[in-house]
>>> print(open('structure.cif').read())   # mmCIF, N, CA and C atoms
data_protein
loop_
_atom_site.label_atom_id
_atom_site.label_comp_id
_atom_site.auth_asym_id
_atom_site.auth_seq_id
_atom_site.Cartn_x
_atom_site.Cartn_y
_atom_site.Cartn_z
N MET N 198 118.32 29.67 5.39
CA MET N 198 119.31 28.67 5.79
C MET N 198 119.46 27.65 4.66
N PRO N 199 120.68 27.42 4.14
CA PRO N 199 120.86 26.45 3.06
C PRO N 199 120.52 25.03 3.49
N GLN N 200 119.95 24.28 2.56
CA GLN N 200 119.67 22.89 2.87
C GLN N 200 120.98 22.12 2.87
N SER N 201 121.04 21.06 3.62
CA SER N 201 122.23 20.24 3.72
C SER N 201 122.44 19.49 2.41
N LEU N 202 123.67 19.51 1.93
CA LEU N 202 124.00 18.81 0.69
C LEU N 202 124.91 17.64 1.02
N PRO N 203 124.71 16.51 0.36
CA PRO N 203 125.50 15.33 0.71
C PRO N 203 126.94 15.43 0.23
N SER N 204 127.81 14.71 0.91
CA SER N 204 129.19 14.56 0.44
C SER N 204 129.16 13.62 -0.75
N LEU N 205 130.04 13.87 -1.68
CA LEU N 205 130.12 13.04 -2.88
C LEU N 205 131.45 12.30 -2.89
N ASN N 206 131.58 11.35 -3.77
CA ASN N 206 132.82 10.60 -3.94
C ASN N 206 133.71 11.35 -4.93
N LEU N 207 133.93 12.62 -4.62
CA LEU N 207 134.76 13.52 -5.41
C LEU N 207 135.43 14.47 -4.43
N PRO N 208 136.58 15.01 -4.80
CA PRO N 208 137.20 15.98 -3.90
C PRO N 208 136.27 17.18 -3.68
N SER N 209 136.32 17.73 -2.48
CA SER N 209 135.48 18.89 -2.20
C SER N 209 136.10 20.15 -2.79
N PHE N 210 135.29 21.16 -2.91
CA PHE N 210 135.73 22.47 -3.33
C PHE N 210 134.92 23.46 -2.52
N THR N 211 135.25 24.73 -2.60
CA THR N 211 134.54 25.74 -1.82
C THR N 211 133.50 26.42 -2.71
N PRO N 212 132.24 25.97 -2.64
CA PRO N 212 131.21 26.57 -3.49
C PRO N 212 130.73 27.91 -2.94
N ARG N 213 130.31 28.78 -3.84
CA ARG N 213 129.66 30.03 -3.46
C ARG N 213 128.16 29.82 -3.63
N ILE N 214 127.46 29.74 -2.50
CA ILE N 214 126.03 29.46 -2.51
C ILE N 214 125.29 30.64 -1.90
N VAL N 215 124.24 31.06 -2.56
CA VAL N 215 123.38 32.13 -2.05
C VAL N 215 121.94 31.64 -2.07
N ILE N 216 121.12 32.31 -1.28
CA ILE N 216 119.69 31.98 -1.27
C ILE N 216 118.94 33.15 -1.86
N GLU N 217 118.13 32.85 -2.87
CA GLU N 217 117.28 33.86 -3.50
C GLU N 217 115.83 33.42 -3.34
N ASP N 218 114.93 34.25 -3.78
CA ASP N 218 113.50 33.90 -3.68
C ASP N 218 113.21 32.57 -4.36
N SER N 219 113.93 32.29 -5.44
CA SER N 219 113.69 31.06 -6.19
C SER N 219 114.36 29.84 -5.56
N GLY N 220 115.19 30.04 -4.55
CA GLY N 220 115.85 28.92 -3.88
C GLY N 220 117.36 29.11 -3.84
N GLN N 221 118.05 28.02 -3.54
CA GLN N 221 119.51 28.07 -3.47
C GLN N 221 120.12 28.17 -4.85
N MET N 222 121.17 28.99 -4.93
CA MET N 222 121.90 29.18 -6.18
C MET N 222 123.37 28.94 -5.90
N ILE N 223 124.06 28.38 -6.89
CA ILE N 223 125.50 28.14 -6.77
C ILE N 223 126.19 28.88 -7.91
N PHE N 224 127.34 29.48 -7.61
CA PHE N 224 128.06 30.21 -8.65
C PHE N 224 128.86 29.22 -9.48
N ASP N 225 128.64 29.27 -10.78
CA ASP N 225 129.33 28.41 -11.73
C ASP N 225 130.47 29.23 -12.33
N ILE N 226 131.71 28.86 -11.98
CA ILE N 226 132.87 29.62 -12.47
C ILE N 226 133.08 29.44 -13.97
N PHE N 227 132.49 28.43 -14.55
CA PHE N 227 132.65 28.16 -15.98
C PHE N 227 131.69 28.99 -16.81
N ARG N 228 130.46 29.09 -16.34
CA ARG N 228 129.46 29.91 -17.03
C ARG N 228 129.43 31.34 -16.50
N LYS N 229 130.17 31.58 -15.41
CA LYS N 229 130.30 32.90 -14.79
C LYS N 229 128.95 33.49 -14.37
N LYS N 230 128.14 32.66 -13.72
CA LYS N 230 126.84 33.12 -13.23
C LYS N 230 126.33 32.16 -12.17
N TYR N 231 125.35 32.64 -11.41
CA TYR N 231 124.67 31.77 -10.44
C TYR N 231 123.63 30.95 -11.17
N VAL N 232 123.54 29.67 -10.80
CA VAL N 232 122.55 28.76 -11.37
C VAL N 232 121.84 28.04 -10.22
N ALA N 233 120.65 27.53 -10.50
CA ALA N 233 119.88 26.82 -9.48
C ALA N 233 120.67 25.62 -8.96
N LEU N 234 120.70 25.50 -7.65
CA LEU N 234 121.44 24.40 -7.02
C LEU N 234 120.53 23.18 -6.88
N THR N 235 120.47 22.41 -7.95
CA THR N 235 119.73 21.15 -7.96
C THR N 235 120.70 20.03 -7.58
N PRO N 236 120.18 18.86 -7.23
CA PRO N 236 121.09 17.74 -6.96
C PRO N 236 122.03 17.44 -8.14
N GLU N 237 121.51 17.52 -9.36
CA GLU N 237 122.36 17.28 -10.54
C GLU N 237 123.42 18.36 -10.67
N GLU N 238 123.06 19.61 -10.39
CA GLU N 238 124.04 20.70 -10.47
C GLU N 238 125.14 20.53 -9.43
N TRP N 239 124.80 20.03 -8.25
CA TRP N 239 125.78 19.76 -7.21
C TRP N 239 126.83 18.77 -7.73
N VAL N 240 126.37 17.73 -8.41
CA VAL N 240 127.28 16.74 -9.00
C VAL N 240 128.08 17.38 -10.13
N ARG N 241 127.41 18.12 -11.02
CA ARG N 241 128.08 18.74 -12.16
C ARG N 241 129.21 19.67 -11.70
N GLN N 242 128.93 20.51 -10.69
CA GLN N 242 129.95 21.43 -10.20
C GLN N 242 131.13 20.70 -9.58
N HIS N 243 130.85 19.67 -8.79
CA HIS N 243 131.94 18.89 -8.20
C HIS N 243 132.80 18.25 -9.28
N PHE N 244 132.15 17.67 -10.27
CA PHE N 244 132.92 16.95 -11.30
C PHE N 244 133.74 17.92 -12.14
N ALA N 245 133.18 19.06 -12.49
CA ALA N 245 133.92 20.05 -13.27
C ALA N 245 135.13 20.55 -12.49
N HIS N 246 134.95 20.81 -11.20
CA HIS N 246 136.08 21.25 -10.37
C HIS N 246 137.13 20.15 -10.24
N TYR N 247 136.69 18.91 -10.15
CA TYR N 247 137.61 17.77 -10.11
C TYR N 247 138.47 17.73 -11.37
N LEU N 248 137.85 17.90 -12.52
CA LEU N 248 138.60 17.89 -13.78
C LEU N 248 139.67 18.98 -13.81
N VAL N 249 139.31 20.17 -13.35
CA VAL N 249 140.23 21.31 -13.42
C VAL N 249 141.24 21.29 -12.27
N ASP N 250 140.76 21.11 -11.04
CA ASP N 250 141.62 21.24 -9.87
C ASP N 250 142.50 20.03 -9.61
N HIS N 251 142.05 18.84 -10.00
CA HIS N 251 142.79 17.63 -9.66
C HIS N 251 143.36 16.88 -10.86
N LEU N 252 142.69 16.97 -12.00
CA LEU N 252 143.21 16.31 -13.21
C LEU N 252 143.89 17.31 -14.14
N HIS N 253 143.85 18.58 -13.77
CA HIS N 253 144.59 19.65 -14.47
C HIS N 253 144.13 19.92 -15.90
N TYR N 254 142.84 19.68 -16.16
CA TYR N 254 142.29 20.09 -17.45
C TYR N 254 142.17 21.62 -17.43
N PRO N 255 142.55 22.30 -18.49
CA PRO N 255 142.40 23.76 -18.51
C PRO N 255 140.92 24.16 -18.44
N LYS N 256 140.63 25.08 -17.55
CA LYS N 256 139.26 25.56 -17.37
C LYS N 256 138.66 26.06 -18.68
N SER N 257 139.49 26.67 -19.51
CA SER N 257 139.01 27.24 -20.78
C SER N 257 138.55 26.17 -21.77
N LEU N 258 138.91 24.91 -21.54
CA LEU N 258 138.52 23.84 -22.47
C LEU N 258 137.25 23.11 -22.04
N LEU N 259 136.66 23.51 -20.91
CA LEU N 259 135.41 22.89 -20.46
C LEU N 259 134.22 23.74 -20.88
N LYS N 260 133.21 23.08 -21.38
CA LYS N 260 131.95 23.73 -21.71
C LYS N 260 130.87 23.03 -20.90
N ILE N 261 130.17 23.81 -20.07
CA ILE N 261 129.11 23.27 -19.22
C ILE N 261 127.78 23.45 -19.93
N GLU N 262 126.97 22.38 -19.91
CA GLU N 262 125.68 22.35 -20.61
C GLU N 262 125.87 22.78 -22.07
N CYS N 263 126.70 22.03 -22.73
CA CYS N 263 127.06 22.28 -24.13
C CYS N 263 125.90 21.90 -25.04
N GLY N 264 125.42 22.85 -25.81
CA GLY N 264 124.31 22.60 -26.73
C GLY N 264 124.74 21.75 -27.91
N LEU N 265 123.85 20.84 -28.32
CA LEU N 265 124.10 20.02 -29.49
C LEU N 265 122.76 19.59 -30.08
N THR N 266 122.78 19.11 -31.29
CA THR N 266 121.57 18.64 -31.95
C THR N 266 121.71 17.15 -32.22
N VAL N 267 120.73 16.38 -31.74
CA VAL N 267 120.72 14.93 -31.92
C VAL N 267 119.42 14.58 -32.63
N ASN N 268 119.53 14.04 -33.83
CA ASN N 268 118.34 13.69 -34.63
C ASN N 268 117.37 14.86 -34.75
N GLY N 269 117.91 16.04 -34.97
CA GLY N 269 117.08 17.23 -35.16
C GLY N 269 116.53 17.83 -33.87
N GLN N 270 116.84 17.23 -32.72
CA GLN N 270 116.37 17.74 -31.43
C GLN N 270 117.52 18.43 -30.70
N LYS N 271 117.20 19.58 -30.10
CA LYS N 271 118.22 20.31 -29.32
C LYS N 271 118.37 19.63 -27.96
N LYS N 272 119.63 19.31 -27.62
CA LYS N 272 119.97 18.67 -26.35
C LYS N 272 121.13 19.43 -25.73
N ARG N 273 121.48 19.06 -24.49
CA ARG N 273 122.63 19.66 -23.83
C ARG N 273 123.43 18.57 -23.12
N ALA N 274 124.70 18.51 -23.43
CA ALA N 274 125.60 17.62 -22.70
C ALA N 274 126.04 18.35 -21.44
N ASP N 275 126.11 17.65 -20.32
CA ASP N 275 126.45 18.29 -19.04
C ASP N 275 127.82 18.95 -19.09
N ILE N 276 128.83 18.20 -19.45
CA ILE N 276 130.19 18.73 -19.54
C ILE N 276 130.84 18.17 -20.79
N VAL N 277 131.41 19.04 -21.59
CA VAL N 277 132.23 18.60 -22.72
C VAL N 277 133.60 19.23 -22.54
N VAL N 278 134.62 18.39 -22.60
CA VAL N 278 136.00 18.87 -22.52
C VAL N 278 136.57 18.78 -23.92
N PHE N 279 137.12 19.89 -24.37
CA PHE N 279 137.71 19.95 -25.70
C PHE N 279 139.21 19.75 -25.59
N GLY N 280 139.79 19.13 -26.62
CA GLY N 280 141.23 18.93 -26.66
C GLY N 280 141.92 20.17 -27.21
N LYS N 281 143.24 20.09 -27.26
CA LYS N 281 144.03 21.21 -27.79
C LYS N 281 143.68 21.49 -29.25
N ASP N 282 143.15 20.49 -29.94
CA ASP N 282 142.77 20.64 -31.35
C ASP N 282 141.35 21.19 -31.51
N ALA N 283 140.73 21.58 -30.40
CA ALA N 283 139.37 22.16 -30.36
C ALA N 283 138.28 21.13 -30.68
N GLN N 284 138.63 19.85 -30.70
CA GLN N 284 137.65 18.79 -30.92
C GLN N 284 137.21 18.22 -29.57
N PRO N 285 135.96 17.74 -29.46
CA PRO N 285 135.53 17.13 -28.21
C PRO N 285 136.44 15.95 -27.84
N PHE N 286 136.87 15.95 -26.57
CA PHE N 286 137.77 14.91 -26.08
C PHE N 286 137.08 14.01 -25.06
N LEU N 287 136.25 14.63 -24.20
CA LEU N 287 135.61 13.92 -23.11
C LEU N 287 134.21 14.47 -22.91
N VAL N 288 133.21 13.59 -22.86
CA VAL N 288 131.83 13.99 -22.61
C VAL N 288 131.42 13.39 -21.27
N VAL N 289 130.87 14.23 -20.39
CA VAL N 289 130.46 13.78 -19.06
C VAL N 289 128.96 13.99 -18.91
N GLU N 290 128.26 12.93 -18.56
CA GLU N 290 126.84 13.01 -18.25
C GLU N 290 126.69 12.90 -16.74
N CYS N 291 126.13 13.93 -16.13
CA CYS N 291 125.95 13.97 -14.67
C CYS N 291 124.49 13.70 -14.32
N LYS N 292 124.31 12.89 -13.33
CA LYS N 292 122.99 12.61 -12.78
C LYS N 292 122.99 12.99 -11.31
N SER N 293 121.82 13.13 -10.75
CA SER N 293 121.69 13.41 -9.33
C SER N 293 122.32 12.28 -8.53
N TYR N 294 122.80 12.61 -7.34
CA TYR N 294 123.41 11.60 -6.46
C TYR N 294 122.41 10.54 -6.04
N ASN N 295 121.11 10.78 -6.20
CA ASN N 295 120.12 9.76 -5.81
C ASN N 295 119.60 8.97 -7.01
N VAL N 296 120.23 9.13 -8.16
CA VAL N 296 119.86 8.38 -9.37
C VAL N 296 120.85 7.22 -9.55
N LYS N 297 120.30 6.03 -9.71
CA LYS N 297 121.14 4.86 -9.95
C LYS N 297 121.60 4.89 -11.41
N LEU N 298 122.89 4.71 -11.61
CA LEU N 298 123.43 4.68 -12.97
C LEU N 298 123.20 3.31 -13.57
N GLY N 299 122.82 3.30 -14.83
CA GLY N 299 122.57 2.03 -15.49
C GLY N 299 122.68 2.16 -16.99
N GLU N 300 122.16 1.18 -17.67
CA GLU N 300 122.25 1.12 -19.12
C GLU N 300 121.58 2.32 -19.78
N HIS N 301 120.45 2.77 -19.24
CA HIS N 301 119.74 3.92 -19.83
C HIS N 301 120.62 5.17 -19.80
N THR N 302 121.28 5.41 -18.67
CA THR N 302 122.16 6.58 -18.54
C THR N 302 123.31 6.48 -19.54
N PHE N 303 123.88 5.30 -19.65
CA PHE N 303 124.99 5.10 -20.58
C PHE N 303 124.52 5.32 -22.02
N GLN N 304 123.35 4.79 -22.37
CA GLN N 304 122.84 4.96 -23.73
C GLN N 304 122.56 6.43 -24.05
N GLN N 305 122.03 7.18 -23.08
CA GLN N 305 121.78 8.61 -23.29
C GLN N 305 123.10 9.33 -23.59
N SER N 306 124.12 9.04 -22.81
CA SER N 306 125.42 9.67 -23.01
C SER N 306 126.03 9.26 -24.35
N ALA N 307 125.91 7.99 -24.67
CA ALA N 307 126.46 7.51 -25.94
C ALA N 307 125.74 8.17 -27.12
N TRP N 308 124.45 8.40 -26.97
CA TRP N 308 123.68 9.05 -28.03
C TRP N 308 124.16 10.48 -28.24
N TYR N 309 124.39 11.21 -27.13
CA TYR N 309 124.94 12.56 -27.24
C TYR N 309 126.31 12.52 -27.91
N ASN N 310 127.09 11.53 -27.53
CA ASN N 310 128.45 11.45 -28.05
C ASN N 310 128.47 11.01 -29.52
N TYR N 311 127.41 10.42 -29.98
CA TYR N 311 127.33 10.05 -31.40
C TYR N 311 127.52 11.30 -32.27
N THR N 312 126.96 12.41 -31.81
CA THR N 312 127.11 13.68 -32.51
C THR N 312 128.48 14.28 -32.28
N LEU N 313 128.97 14.23 -31.04
CA LEU N 313 130.22 14.89 -30.69
C LEU N 313 131.46 14.10 -31.10
N GLN N 314 131.38 12.76 -31.08
CA GLN N 314 132.48 11.88 -31.46
C GLN N 314 133.72 12.03 -30.58
N ALA N 315 133.51 12.28 -29.29
CA ALA N 315 134.63 12.35 -28.35
C ALA N 315 135.16 10.94 -28.09
N PRO N 316 136.46 10.78 -27.89
CA PRO N 316 137.00 9.44 -27.63
C PRO N 316 136.73 8.92 -26.21
N TYR N 317 136.32 9.79 -25.29
CA TYR N 317 136.03 9.36 -23.93
C TYR N 317 134.64 9.80 -23.50
N LEU N 318 133.99 8.93 -22.75
CA LEU N 318 132.64 9.16 -22.26
C LEU N 318 132.60 8.79 -20.78
N VAL N 319 132.03 9.68 -19.96
CA VAL N 319 131.94 9.45 -18.52
C VAL N 319 130.49 9.62 -18.09
N ILE N 320 130.03 8.75 -17.21
CA ILE N 320 128.76 8.97 -16.54
C ILE N 320 129.04 8.97 -15.04
N THR N 321 128.36 9.87 -14.32
CA THR N 321 128.58 9.97 -12.88
C THR N 321 127.31 10.42 -12.19
N ASN N 322 127.15 9.96 -10.96
CA ASN N 322 126.11 10.51 -10.09
C ASN N 322 126.76 11.12 -8.85
N GLY N 323 128.06 11.35 -8.95
CA GLY N 323 128.81 11.93 -7.85
C GLY N 323 129.29 10.90 -6.84
N LEU N 324 128.68 9.75 -6.84
CA LEU N 324 129.07 8.67 -5.94
C LEU N 324 129.80 7.57 -6.70
N ARG N 325 129.34 7.30 -7.91
CA ARG N 325 129.98 6.32 -8.80
C ARG N 325 130.28 7.00 -10.12
N HIS N 326 131.38 6.60 -10.73
CA HIS N 326 131.81 7.19 -11.99
C HIS N 326 132.26 6.06 -12.91
N TYR N 327 131.84 6.14 -14.15
CA TYR N 327 132.26 5.16 -15.15
C TYR N 327 132.83 5.90 -16.34
N CYS N 328 133.96 5.44 -16.81
CA CYS N 328 134.62 6.06 -17.95
C CYS N 328 134.84 5.01 -19.02
N CYS N 329 134.50 5.35 -20.25
CA CYS N 329 134.70 4.46 -21.39
C CYS N 329 135.57 5.13 -22.44
N ARG N 330 136.40 4.34 -23.06
CA ARG N 330 137.14 4.77 -24.25
C ARG N 330 136.31 4.29 -25.42
N ILE N 331 135.93 5.21 -26.30
CA ILE N 331 135.08 4.88 -27.43
C ILE N 331 135.96 4.75 -28.68
N HIS N 332 135.82 3.62 -29.33
CA HIS N 332 136.52 3.39 -30.61
C HIS N 332 135.45 3.50 -31.69
N HIS N 333 135.26 4.70 -32.19
CA HIS N 333 134.16 4.98 -33.11
C HIS N 333 134.25 4.16 -34.39
N HIS N 334 135.42 4.04 -34.97
CA HIS N 334 135.54 3.33 -36.25
C HIS N 334 135.29 1.83 -36.10
N GLN N 335 135.67 1.26 -34.97
CA GLN N 335 135.42 -0.16 -34.74
C GLN N 335 134.06 -0.41 -34.09
N GLN N 336 133.35 0.67 -33.76
CA GLN N 336 132.04 0.59 -33.10
C GLN N 336 132.08 -0.28 -31.84
N ARG N 337 133.06 0.04 -30.99
CA ARG N 337 133.17 -0.68 -29.73
C ARG N 337 133.66 0.29 -28.65
N PHE N 338 133.55 -0.13 -27.41
CA PHE N 338 134.03 0.68 -26.29
C PHE N 338 134.66 -0.23 -25.26
N GLU N 339 135.47 0.38 -24.40
CA GLU N 339 136.07 -0.37 -23.30
C GLU N 339 136.09 0.51 -22.06
N PHE N 340 135.66 -0.07 -20.94
CA PHE N 340 135.68 0.67 -19.68
C PHE N 340 137.12 0.90 -19.26
N GLN N 341 137.35 2.07 -18.68
CA GLN N 341 138.68 2.47 -18.24
C GLN N 341 138.72 2.46 -16.71
N PRO N 342 139.88 2.11 -16.12
CA PRO N 342 139.97 2.11 -14.67
C PRO N 342 139.97 3.53 -14.07
N GLU N 343 140.33 4.53 -14.89
CA GLU N 343 140.34 5.90 -14.42
C GLU N 343 140.15 6.85 -15.59
N LEU N 344 139.92 8.09 -15.27
CA LEU N 344 139.74 9.10 -16.32
C LEU N 344 141.09 9.40 -16.96
N PRO N 345 141.06 9.75 -18.24
CA PRO N 345 142.34 10.07 -18.89
C PRO N 345 142.87 11.40 -18.34
N ALA N 346 144.18 11.45 -18.21
CA ALA N 346 144.81 12.71 -17.79
C ALA N 346 144.82 13.67 -18.96
N TYR N 347 144.88 14.94 -18.65
CA TYR N 347 144.97 15.95 -19.72
C TYR N 347 146.34 15.85 -20.36
N ILE N 348 146.34 15.83 -21.69
CA ILE N 348 147.62 15.78 -22.43
C ILE N 348 147.70 16.92 -23.42
#
>>> encode(input="structure.cif", output="structure tokens")
Amino acid sequence: MPQSLPSLNLPSFTPRIVIEDSGQMIFDIFRKKYVALTPEEWVRQHFAHYLVDHLHYPKSLLKIECGLTVNGQKKRADIVVFGKDAQPFLVVECKSYNVKLGEHTFQQSAWYNYTLQAPYLVITNGLRHYCCRIHHHQQRFEFQPELPAYI
């Protein structure tokens, strides 16, 4: 029997969830495989579907758990959306719905984005979402009232 999952402050979608010996698994349409259904994955899947289904970002431009190197260390950004020019456009850092978002979360995302140089950065725990426009050359950022639409 699947464990109850909380509602998030994101539009719902119809997940494909199965139970295996290792626990609950959710099908990731972006990676085309079942992955462990952790609280963070629940948020990641909702947010990715929100980007595609409601903000009309092309599915082909999203990379889930995108590998990158930061200061010689291998890291993974939760969601990277690429623009039509194949450059990173939006970086999303997902946390579990029971994690309070704060300065540490924002700094982690900004550090990942230092390598990627995307103009937009989002942090979410599925309940709260913050979006910043990053002005890399001026070394400043500004919070946005909403996520940028796909252009």
>>> resolve_selection(input="structure.cif", expression="the PyMOL selection byres ((chain N and resi 320) around 8)", output="list in words")
Val288, Val289, Glu290, Cys291, Lys292, Leu298, Thr302, Phe303, Ser306, Tyr317, Leu318, Val319, Thr321, Asn322, Gly323, Arg325, His326, Tyr327, Cys328 and Cys329 of chain N
>>> select_by_dssp(input="structure.cif", residues="range 211-338 of chain N", states="strand (DSSP E or B)", output="NGL selection string")
:N and (214-217 or 220-225 or 230-233 or 259-267 or 270-279 or 285-291 or 317-321 or 326-332 or 337-338)
>>> select_by_dssp(input="structure.cif", residues="range 227-288 of chain N", states="helix (DSSP H, G or I)", output="list in words")
Pro236, Glu237, Glu238, Trp239, Val240, Arg241, Gln242, His243, Phe244, Ala245, His246, Tyr247, Leu248, Val249, Asp250, Lys256, Ser257 and Leu258 of chain N
>>> resolve_selection(input="structure.cif", expression="the PyMOL selection byres ((chain N and resi 237) around 7)", output="ChimeraX atom specification")
/N:234-236,238-242,291-294
>>> closest_residue(input="structure.cif", among="N:Ser219, N:Gln304, N:Gln284, N:Ser201", to="Pro316 in chain N", atoms="only C-alpha atoms")
N:Gln284
>>> closest_atom_pairs(input="structure.cif", of="range 204-276 of chain N", to="range 339-344 of chain N", cutoff="12 Å", atoms="only C-alpha atoms", output="CSV")
residue,atom,partner,partner_atom,distance
N:Phe244,CA,N:Leu344,CA,11.5
N:Tyr247,CA,N:Leu344,CA,10.9
N:Leu248,CA,N:Leu344,CA,9.2
N:His251,CA,N:Leu344,CA,11.2
N:Leu252,CA,N:Leu344,CA,8.6
N:His253,CA,N:Leu344,CA,11.8
N:Tyr254,CA,N:Leu344,CA,11.3
>>> closest_residue(input="structure.cif", among="N:Val215, N:Gln335, N:Leu202, N:Tyr311", to="Val267 in chain N", atoms="only C-alpha atoms")
N:Tyr311
>>> residues_around(input="structure.cif", residues="His333 in chain N", least_positions_apart="5", cutoff="8 Å", atoms="only N, CA and C atoms", output="JSON, numbers by chain")
{"N": [314, 315, 316, 338]}
>>> residues_around(input="structure.cif", residues="Val249 in chain N", least_positions_apart="3", cutoff="12 Å", atoms="only C-alpha atoms", output="ChimeraX atom specification")
/N:208,210,226-227,242-246,252-260,278,346-347
>>> residues_around(input="structure.cif", residues="Arg273 in chain N", least_positions_apart="6", cutoff="8 Å", atoms="all atoms listed in the file", output="VMD selection string")
chain N and resid 261 to 267 309
>>> closest_residue(input="structure.cif", among="N:Gly299, N:Pro212, N:Gln305, N:Leu287", to="Pro345 in chain N", atoms="only C-alpha atoms")
N:Leu287
>>> resolve_selection(input="structure.cif", expression="the PyMOL selection byres (((chain N and resi 223 and name CA) around 6) and name CA)", output="ChimeraX atom specification")
/N:213-214,222,224,231-232,234
>>> write_last_selection(input="structure.cif", atoms="N, CA and C atoms", output="PDB file, in the coordinates of the input")
ATOM      1  N   ARG N 213     130.310  28.780  -3.840  1.00  0.00           N
ATOM      2  CA  ARG N 213     129.660  30.030  -3.460  1.00  0.00           C
ATOM      3  C   ARG N 213     128.160  29.820  -3.630  1.00  0.00           C
ATOM      4  N   ILE N 214     127.460  29.740  -2.500  1.00  0.00           N
ATOM      5  CA  ILE N 214     126.030  29.460  -2.510  1.00  0.00           C
ATOM      6  C   ILE N 214     125.290  30.640  -1.900  1.00  0.00           C
ATOM      7  N   MET N 222     121.170  28.990  -4.930  1.00  0.00           N
ATOM      8  CA  MET N 222     121.900  29.180  -6.180  1.00  0.00           C
ATOM      9  C   MET N 222     123.370  28.940  -5.900  1.00  0.00           C
ATOM     10  N   PHE N 224     127.340  29.480  -7.610  1.00  0.00           N
ATOM     11  CA  PHE N 224     128.060  30.210  -8.650  1.00  0.00           C
ATOM     12  C   PHE N 224     128.860  29.220  -9.480  1.00  0.00           C
ATOM     13  N   TYR N 231     125.350  32.640 -11.410  1.00  0.00           N
ATOM     14  CA  TYR N 231     124.670  31.770 -10.440  1.00  0.00           C
ATOM     15  C   TYR N 231     123.630  30.950 -11.170  1.00  0.00           C
ATOM     16  N   VAL N 232     123.540  29.670 -10.800  1.00  0.00           N
ATOM     17  CA  VAL N 232     122.550  28.760 -11.370  1.00  0.00           C
ATOM     18  C   VAL N 232     121.840  28.040 -10.220  1.00  0.00           C
ATOM     19  N   LEU N 234     120.700  25.500  -7.650  1.00  0.00           N
ATOM     20  CA  LEU N 234     121.440  24.400  -7.020  1.00  0.00           C
ATOM     21  C   LEU N 234     120.530  23.180  -6.880  1.00  0.00           C
TER      22      LEU N 234
END
>>> atom_distance(input="structure.cif", atom1="atom N of Lys281 in chain N", atom2="atom N of Lys230 in chain N")
23.9 Å
>>> axis_aligned_box(input="structure.cif", around="range 253-261 of chain N", padding_each_side="8 Å", output="AutoDock Vina command-line options")
--center_x 136.2 --center_y 22.9 --center_z -18.1 --size_x 32.8 --size_y 24.7 --size_z 24.7
>>> atom_distance(input="structure.cif", atom1="CA of Phe279 in chain N", atom2="CA of Leu313 in chain N")
10.3 Å
>>> atom_distance(input="structure.cif", atom1="CA of Gly220 in chain N", atom2="CA of Ile276 in chain N")
23.6 Å
>>> closest_residue(input="structure.cif", among="N:Thr211, N:Gln270, N:Gln221, N:Asn206", to="Trp308 in chain N", atoms="only C-alpha atoms")
N:Gln270
